[in-house]
>>> print(open('coords32.cif').read())   # mmCIF, C-alpha atoms
data_upload
loop_
_atom_site.label_atom_id
_atom_site.label_comp_id
_atom_site.auth_asym_id
_atom_site.auth_seq_id
_atom_site.Cartn_x
_atom_site.Cartn_y
_atom_site.Cartn_z
CA MET A 152 126.11 67.22 119.64
CA ASN A 153 124.45 68.56 116.47
CA ARG A 154 125.62 72.00 117.42
CA GLN A 155 129.18 70.67 117.71
CA THR A 156 128.94 69.06 114.24
CA LYS A 157 127.62 72.31 112.81
CA LEU A 158 130.47 74.26 114.36
CA ASN A 159 133.00 71.79 112.97
CA SER A 160 131.44 72.07 109.55
CA GLN A 161 131.54 75.86 109.71
CA GLY A 162 135.16 75.74 110.79
CA GLN A 163 136.07 73.53 107.83
CA GLU A 164 134.30 75.85 105.42
CA GLU A 165 136.10 78.85 106.85
CA ALA A 166 139.43 77.05 106.60
CA GLN A 167 138.72 76.16 102.97
CA GLN A 168 137.75 79.74 102.18
CA GLN A 169 140.89 81.02 103.89
CA SER A 170 143.05 78.54 101.98
CA ALA A 171 141.45 79.61 98.69
CA ALA A 172 142.05 83.25 99.58
CA GLU A 173 145.70 82.52 100.33
CA GLN A 174 146.11 80.72 97.01
CA THR A 175 144.56 83.64 95.16
CA GLN A 176 146.86 85.97 97.05
CA GLN A 177 149.94 83.95 96.07
CA ALA A 178 148.86 83.83 92.44
CA ALA A 179 148.26 87.57 92.31
CA GLY A 180 151.52 88.41 94.07
CA GLN A 181 152.15 89.77 97.51
CA GLU A 182 151.74 93.17 99.04
CA PHE A 183 153.81 94.64 101.85
CA ALA A 184 152.68 97.72 103.70
CA THR A 185 156.20 98.84 104.62
CA PRO A 186 159.78 97.98 103.63
CA GLU A 187 160.18 96.43 107.10
CA ASP A 188 157.40 93.94 106.32
CA LEU A 189 159.16 93.05 103.09
CA LEU A 190 162.50 92.61 104.89
CA ARG A 191 160.83 90.49 107.58
CA HIS A 192 159.36 88.25 104.91
CA ASP A 193 162.73 88.01 103.18
CA SER A 194 164.48 87.18 106.46
CA LEU A 195 162.05 84.36 107.18
CA HIS A 196 162.85 82.88 103.77
CA THR A 197 166.62 83.24 104.06
CA PRO A 198 168.04 80.08 105.63
CA VAL A 199 171.17 80.18 107.76
CA PRO A 200 173.77 78.04 105.94
CA PRO A 201 174.43 74.92 108.03
CA THR A 202 178.18 75.24 107.50
CA ILE A 203 178.31 78.17 109.92
CA ALA A 204 177.37 76.02 112.92
CA HIS A 205 179.86 73.32 111.88
CA ARG A 206 182.67 75.85 111.49
CA LEU A 207 181.72 77.49 114.75
CA ALA A 208 181.75 74.17 116.60
CA GLU A 209 185.23 73.49 115.19
CA SER A 210 186.51 76.94 116.14
CA ILE A 211 185.06 76.67 119.65
CA GLY A 212 186.68 73.26 120.02
CA LYS A 213 190.05 74.91 119.41
CA THR A 214 189.31 77.78 121.79
CA PRO A 215 190.19 77.51 125.49
CA PRO A 216 187.20 78.06 127.79
CA PRO A 217 186.53 81.73 128.51
CA PRO A 218 188.36 82.83 131.67
CA GLN A 219 186.33 83.56 134.76
CA SER A 220 186.17 87.17 135.81
CA TRP A 221 188.20 88.17 138.87
CA TRP A 222 185.14 88.56 141.05
CA ARG A 223 183.86 85.11 140.16
CA ARG A 224 187.26 83.60 140.91
CA LEU A 225 187.30 85.52 144.21
CA LEU A 226 183.86 84.29 145.21
CA GLY A 227 184.64 80.79 144.00
CA GLY A 228 181.55 80.78 141.78
CA SER A 229 181.19 78.98 138.51
CA ASN A 230 180.18 80.15 135.05
CA GLN A 231 177.05 78.04 135.08
CA MET B 103 153.79 104.35 104.08
CA LYS B 104 150.17 103.35 104.20
CA THR B 105 149.26 101.65 107.42
CA THR B 106 146.15 99.94 106.11
CA VAL B 107 146.92 96.58 104.61
CA SER B 108 144.84 93.99 102.89
CA GLU B 109 143.65 91.20 105.18
CA PRO B 110 146.06 88.45 104.04
CA VAL B 111 149.04 90.78 104.61
CA ALA B 112 147.74 91.71 108.03
CA GLU B 113 147.41 88.01 108.84
CA ARG B 114 150.97 87.43 107.75
CA ARG B 115 152.24 90.30 109.89
CA ARG B 116 150.54 88.98 112.98
CA SER B 117 151.82 85.46 112.44
CA SER B 118 155.40 86.26 111.47
CA ALA B 119 156.91 86.73 114.94
CA PRO B 120 155.61 83.54 116.56
CA GLN B 121 156.72 81.55 113.51
CA ALA B 122 160.18 82.99 113.78
CA SER B 123 160.55 82.21 117.46
CA ALA B 124 159.18 78.71 116.90
CA ARG B 125 161.76 78.14 114.18
CA TRP B 126 164.54 79.22 116.49
CA ARG B 127 163.30 77.17 119.44
CA LYS B 128 165.37 74.03 119.71
CA GLY B 129 163.60 70.70 119.50
CA GLN B 130 160.29 72.09 118.28
CA GLY B 131 160.50 71.60 114.56
CA THR B 132 156.81 71.33 113.78
CA VAL B 133 156.40 74.96 112.71
CA VAL B 134 159.63 75.14 110.72
CA PRO B 135 159.00 76.62 107.27
CA ALA B 136 160.15 74.29 104.51
CA PRO B 137 163.05 76.37 103.13
CA LEU B 138 164.69 76.63 106.55
CA ALA B 139 164.22 73.10 107.87
CA HIS B 140 167.64 71.81 106.80
CA SER B 141 169.54 74.54 108.63
CA ASP B 142 168.54 73.32 112.10
CA THR B 143 170.49 70.08 112.04
CA PRO B 144 174.05 71.41 112.49
CA LEU B 145 173.09 73.01 115.79
CA GLU B 146 173.84 69.61 117.29
CA ALA B 147 177.47 70.34 116.44
CA LEU B 148 177.42 73.05 119.10
CA GLY B 149 176.27 70.64 121.76
CA ASP B 150 173.62 71.13 124.37
CA SER B 151 174.78 74.31 126.03
CA LYS B 152 173.66 77.83 126.79
CA PHE B 153 175.70 79.02 123.85
CA ALA B 154 173.91 76.58 121.52
CA ASP B 155 170.63 78.07 122.69
CA ILE B 156 171.91 81.57 122.00
CA TYR B 157 173.05 80.55 118.51
CA ASN B 158 169.77 78.77 117.94
CA GLU B 159 167.76 81.84 118.82
CA HIS B 160 169.78 84.61 117.19
CA SER B 161 171.80 83.18 114.28
CA GLN B 162 169.03 83.87 111.76
CA ALA B 163 168.88 87.56 112.70
CA ILE B 164 172.66 87.97 112.72
CA TYR B 165 173.14 86.12 109.43
CA TYR B 166 170.41 88.13 107.72
CA LEU B 167 171.81 91.45 108.94
CA SER B 168 175.32 90.46 107.81
CA LEU B 169 174.04 89.26 104.45
CA ARG B 170 172.18 92.46 103.69
CA LEU B 171 174.92 94.74 105.01
CA LEU B 172 177.75 92.98 103.19
CA SER B 173 175.79 91.99 100.04
CA ASP B 174 177.73 88.75 99.82
CA PRO B 175 176.61 85.32 101.12
CA GLU B 176 180.17 84.07 101.67
CA LYS B 177 181.22 87.19 103.57
CA ALA B 178 178.00 86.97 105.57
CA GLN B 179 178.81 83.38 106.54
CA ASP B 180 182.30 84.40 107.66
CA ALA B 181 180.91 87.39 109.55
CA THR B 182 178.26 85.32 111.34
CA HIS B 183 180.89 82.77 112.32
CA ASP B 184 183.21 85.51 113.59
CA VAL B 185 180.45 87.32 115.50
CA PHE B 186 179.39 84.19 117.38
CA LEU B 187 182.98 83.15 118.03
CA LYS B 188 183.67 86.60 119.45
CA ALA B 189 180.51 86.33 121.54
CA PHE B 190 181.59 82.91 122.83
CA ARG B 191 184.96 84.28 123.87
CA LYS B 192 183.40 87.31 125.55
CA MET B 193 180.40 85.62 127.12
CA ASP B 194 181.91 86.19 130.52
CA GLN B 195 181.79 89.93 129.92
CA PHE B 196 178.07 89.95 129.19
CA ARG B 197 176.47 91.66 132.18
CA GLY B 198 172.86 91.36 131.12
CA GLU B 199 172.48 95.14 130.83
CA SER B 200 171.13 94.61 127.33
CA SER B 201 169.47 91.62 125.71
CA TRP B 202 171.57 88.94 124.04
CA ARG B 203 170.03 90.03 120.75
CA THR B 204 171.16 93.65 121.18
CA TRP B 205 174.61 92.57 122.35
CA LEU B 206 175.08 90.30 119.32
CA TYR B 207 173.79 92.98 116.97
CA ARG B 208 176.34 95.41 118.36
CA ILE B 209 179.17 92.96 117.70
CA ALA B 210 177.81 92.26 114.21
CA ILE B 211 177.39 95.93 113.29
CA ASN B 212 180.95 96.75 114.40
CA HIS B 213 182.31 93.72 112.57
CA CYS B 214 180.50 94.54 109.31
CA ARG B 215 181.45 98.20 109.66
CA ASN B 216 185.13 97.26 109.93
CA LEU B 217 184.84 95.08 106.86
CA GLN B 218 183.08 97.83 104.93
CA GLN B 219 185.20 100.72 106.15
CA GLY B 220 187.38 100.81 103.08
CA TRP B 221 184.37 100.67 100.79
CA ASN B 222 182.48 103.41 102.61
CA GLU B 223 185.45 105.75 102.54
CA ARG B 224 185.53 105.44 98.77
CA HIS B 225 181.76 105.89 98.43
CA MET B 226 181.04 108.50 101.10
CA LEU B 227 177.61 110.02 100.65
CA SER B 228 177.01 113.62 101.60
CA ASN B 229 173.94 115.04 103.30
CA ALA B 230 172.85 116.30 99.90
CA ASP B 231 171.80 112.75 99.13
CA ASP B 232 168.87 113.15 101.49
CA ALA B 233 167.54 115.86 99.23
CA ILE B 234 167.30 113.36 96.39
CA TRP B 235 164.79 111.26 98.31
CA GLU B 236 162.91 114.30 99.55
CA THR B 237 162.40 115.72 96.09
CA THR B 238 161.67 112.43 94.37
CA ALA B 239 158.02 111.89 93.69
CA ALA B 240 158.02 108.57 95.49
CA LYS B 241 154.86 106.65 96.15
CA SER B 242 156.12 106.02 99.65
CA ASP B 243 152.60 105.71 101.03
CA SER B 244 151.75 102.92 98.64
CA PRO B 245 152.26 99.31 99.61
CA LEU B 246 155.13 97.45 97.96
CA ARG B 247 153.76 94.98 95.45
CA VAL B 248 155.72 91.89 94.59
CA LEU B 249 154.48 89.79 91.71
CA GLU B 250 157.50 87.54 91.30
CA THR B 251 159.11 86.19 94.46
CA LYS B 252 161.80 84.23 92.61
CA GLU B 253 164.32 87.07 92.51
CA LEU B 254 162.99 88.97 95.48
CA GLY B 255 166.21 88.65 97.47
CA GLN B 256 168.23 90.16 94.62
CA ARG B 257 165.79 93.04 94.27
CA ILE B 258 165.89 93.76 97.99
CA GLN B 259 169.68 93.65 97.98
CA LYS B 260 169.87 96.00 95.02
CA ALA B 261 167.56 98.49 96.72
CA LEU B 262 169.45 98.27 100.03
CA ASP B 263 172.80 98.71 98.27
CA GLY B 264 171.55 101.98 96.81
CA LEU B 265 170.69 103.41 100.22
CA PRO B 266 173.01 105.45 102.42
CA PRO B 267 174.52 103.00 104.97
CA GLU B 268 172.68 104.63 107.85
CA TYR B 269 169.26 104.11 106.25
CA ARG B 270 170.13 100.54 105.32
CA LEU B 271 171.05 99.66 108.88
CA LEU B 272 168.03 101.46 110.29
CA LEU B 273 165.56 99.56 108.11
CA LEU B 274 167.19 96.21 108.84
CA LEU B 275 167.11 96.80 112.60
CA VAL B 276 163.58 98.18 112.68
CA ALA B 277 162.44 95.14 110.68
CA ASP B 278 163.40 92.99 113.67
CA GLU B 279 160.26 92.90 115.77
CA GLN B 280 162.27 92.00 118.86
CA LEU B 281 163.89 95.44 118.89
CA SER B 282 162.19 98.58 120.17
CA TYR B 283 162.91 102.04 118.73
CA GLU B 284 164.91 102.72 121.91
CA GLN B 285 167.09 99.66 121.28
CA VAL B 286 167.54 100.59 117.62
CA GLY B 287 168.52 104.08 118.77
CA ALA B 288 171.05 102.65 121.24
CA LEU B 289 172.55 100.47 118.50
CA THR B 290 172.84 103.39 116.10
CA ASP B 291 173.89 106.01 118.66
CA GLN B 292 170.84 108.24 118.43
CA THR B 293 167.56 108.89 120.20
CA SER B 294 164.40 106.95 119.46
CA ASP B 295 162.87 110.17 118.10
CA ALA B 296 165.74 110.49 115.65
CA VAL B 297 165.15 106.88 114.62
CA ARG B 298 161.49 107.62 113.92
CA GLY B 299 162.37 110.71 111.91
CA LYS B 300 165.01 109.02 109.78
CA LEU B 301 162.89 105.91 109.33
CA HIS B 302 160.37 107.90 107.32
CA ARG B 303 163.08 109.02 104.89
CA ALA B 304 164.63 105.56 104.82
CA ARG B 305 161.30 103.98 103.87
CA LYS B 306 160.78 106.53 101.13
CA ALA B 307 164.26 106.01 99.72
CA PHE B 308 163.90 102.23 99.81
CA THR B 309 160.53 102.36 98.06
CA VAL B 310 161.96 104.50 95.26
CA LEU B 311 164.89 102.16 94.74
CA PHE B 312 162.87 98.97 95.10
CA GLU B 313 160.39 100.06 92.45
CA LYS B 314 163.28 100.75 90.10
CA THR B 315 164.40 97.12 90.38
CA ALA B 316 161.11 95.77 88.99
#
>>> encode(input="coords32.cif", output="structure tokens")
Amino acid sequence: MNRQTKLNSQGQEEAQQQSAAEQTQQAAGQEFATPEDLLRHDSLHTPVPPTIAHRLAESIGKTPPPPQSWWRRLLGGSNQ
Amino acid sequence: MKTTVSEPVAERRRSSAPQASARWRKGQGTVVPAPLAHSDTPLEALGDSKFADIYNEHSQAIYYLSLRLLSDPEKAQDATHDVFLKAFRKMDQFRGESSWRTWLYRIAINHCRNLQQGWNERHMLSNADDAIWETTAAKSDSPLRVLETKELGQRIQKALDGLPPEYRLLLLLVADEQLSYEQVGALTDQTSDAVRGKLHRARKAFTVLFEKTA
């Protein structure tokens, strides 16, 4: 039981230290080993504008369902 | 480029892919980073279908590629819309020989290329441009330091715009952790060895240009 409490306490301390390290890192700026890392970071912080999905839903609504290929029609299968 | 990174950066690298897939996974919004949270809602407009799942999983990658290739948010929105509409119409032709991601990237690259064709013809870069990067005393082995993240997107765009189109595309594709060098090679019509070789020059060129934007 005591061991469990000690482990929890250690975990909290480590989390606090990690959080402090992250804050220091943010304050001092960020470092990227390669351009790809930088682009990955940028991509994660570039939201997809919600209007695209709305426009797409509208466009799809106006589009007839994609035709089945000849072999699916022949076999009587479905698109699902 | 230096492969050793400081611990916080290494942590971020390890955690970036799972975060991305969690963000794209429908109905699991607990790991969604704050700036992106609002963009998940309109997915309901696409209904609960296989196509909605495909959009959910790949729209971020396709939008980002379009944005950085076209350098214009409005054009990137139009391109992303057109790419997914084209994919919807041609879903029946998808044979599963490649991944959805690769298939969508191929549509997006062709679409952006068509849009840019006129521009590229006017700004054709010769092979001599490679020599510029080779002879520049670039600190390509140094990590990229970013002190101010406020205008980071603009700086990245400026650096990418200065690159030959081939290098720009290569960096953007290699940055996607879901793609292997083989898949990047297939998308850019070259071998994976050629990708590796050009990637070195692309990184160097980007670093030179990015540092100039500071």
>>> residues_around(input="coords32.cif", residues="Ser173 (chain B)", least_positions_apart="6", cutoff="12 Å", atoms="all atoms listed in the file", output="list in words")
Tyr165, Tyr166, Leu167, Gln179, Ala181, Cys214, Leu217, Gln218, Gly255, Gln256, Arg257, Ile258, Gln259, Lys260, Ala261, Leu262, Asp263, Gly264 and Arg270 of chain B
>>> atom_distance(input="coords32.cif", atom1="CA of Asp155 (chain B)", atom2="CA of Asp174 (chain B)")
26.2 Å
>>> closest_atom_pairs(input="coords32.cif", of="chain A", to="chain B", cutoff="6 Å", atoms="all atoms listed in the file", output="JSON lines")
{"residue": "A:Gly180", "atom": "CA", "partner": "B:Leu249", "partner_atom": "CA", "distance": 4.0}
{"residue": "A:Gln181", "atom": "CA", "partner": "B:Val248", "partner_atom": "CA", "distance": 5.1}
{"residue": "A:Glu182", "atom": "CA", "partner": "B:Arg247", "partner_atom": "CA", "distance": 4.5}
{"residue": "A:Phe183", "atom": "CA", "partner": "B:Leu246", "partner_atom": "CA", "distance": 5.0}
{"residue": "A:Ala184", "atom": "CA", "partner": "B:Pro245", "partner_atom": "CA", "distance": 4.4}
{"residue": "A:Glu187", "atom": "CA", "partner": "B:Ala277", "partner_atom": "CA", "distance": 4.4}
{"residue": "A:Arg191", "atom": "CA", "partner": "B:Ala277", "partner_atom": "CA", "distance": 5.8}
{"residue": "A:Pro198", "atom": "CA", "partner": "B:Leu138", "partner_atom": "CA", "distance": 4.9}
{"residue": "A:Val199", "atom": "CA", "partner": "B:Gln162", "partner_atom": "CA", "distance": 5.8}
{"residue": "A:Pro201", "atom": "CA", "partner": "B:Ser141", "partner_atom": "CA", "distance": 4.9}
{"residue": "A:Ile203", "atom": "CA", "partner": "B:His183", "partner_atom": "CA", "distance": 5.8}
{"residue": "A:Ala204", "atom": "CA", "partner": "B:Pro144", "partner_atom": "CA", "distance": 5.7}
{"residue": "A:His205", "atom": "CA", "partner": "B:Ala147", "partner_atom": "CA", "distance": 5.9}
{"residue": "A:Leu207", "atom": "CA", "partner": "B:His183", "partner_atom": "CA", "distance": 5.9}
{"residue": "A:Ala208", "atom": "CA", "partner": "B:Leu148", "partner_atom": "CA", "distance": 5.1}
{"residue": "A:Pro217", "atom": "CA", "partner": "B:Arg191", "partner_atom": "CA", "distance": 5.5}
>>> axis_aligned_box(input="coords32.cif", around="region 207-215 of chain A", padding_each_side="3 Å", output="JSON")
{"center_x": 186.0, "center_y": 75.5, "center_z": 120.1, "size_x": 14.5, "size_y": 10.5, "size_z": 16.7}
>>> closest_residue(input="coords32.cif", among="A:Arg206, A:Pro186, A:Ser220, A:Leu225", to="His302 (chain B)", atoms="all atoms listed in the file")
A:Pro186
>>> atom_distance(input="coords32.cif", atom1="CA of Lys213 (chain A)", atom2="CA of Ala189 (chain B)")
15.0 Å
>>> atom_distance(input="coords32.cif", atom1="CA of Val286 (chain B)", atom2="CA of Trp202 (chain B)")
13.9 Å
>>> closest_residue(input="coords32.cif", among="B:Leu171, B:Leu271, B:Lys188, B:Leu311", to="Thr214 (chain A)", atoms="only C-alpha atoms")
B:Lys188
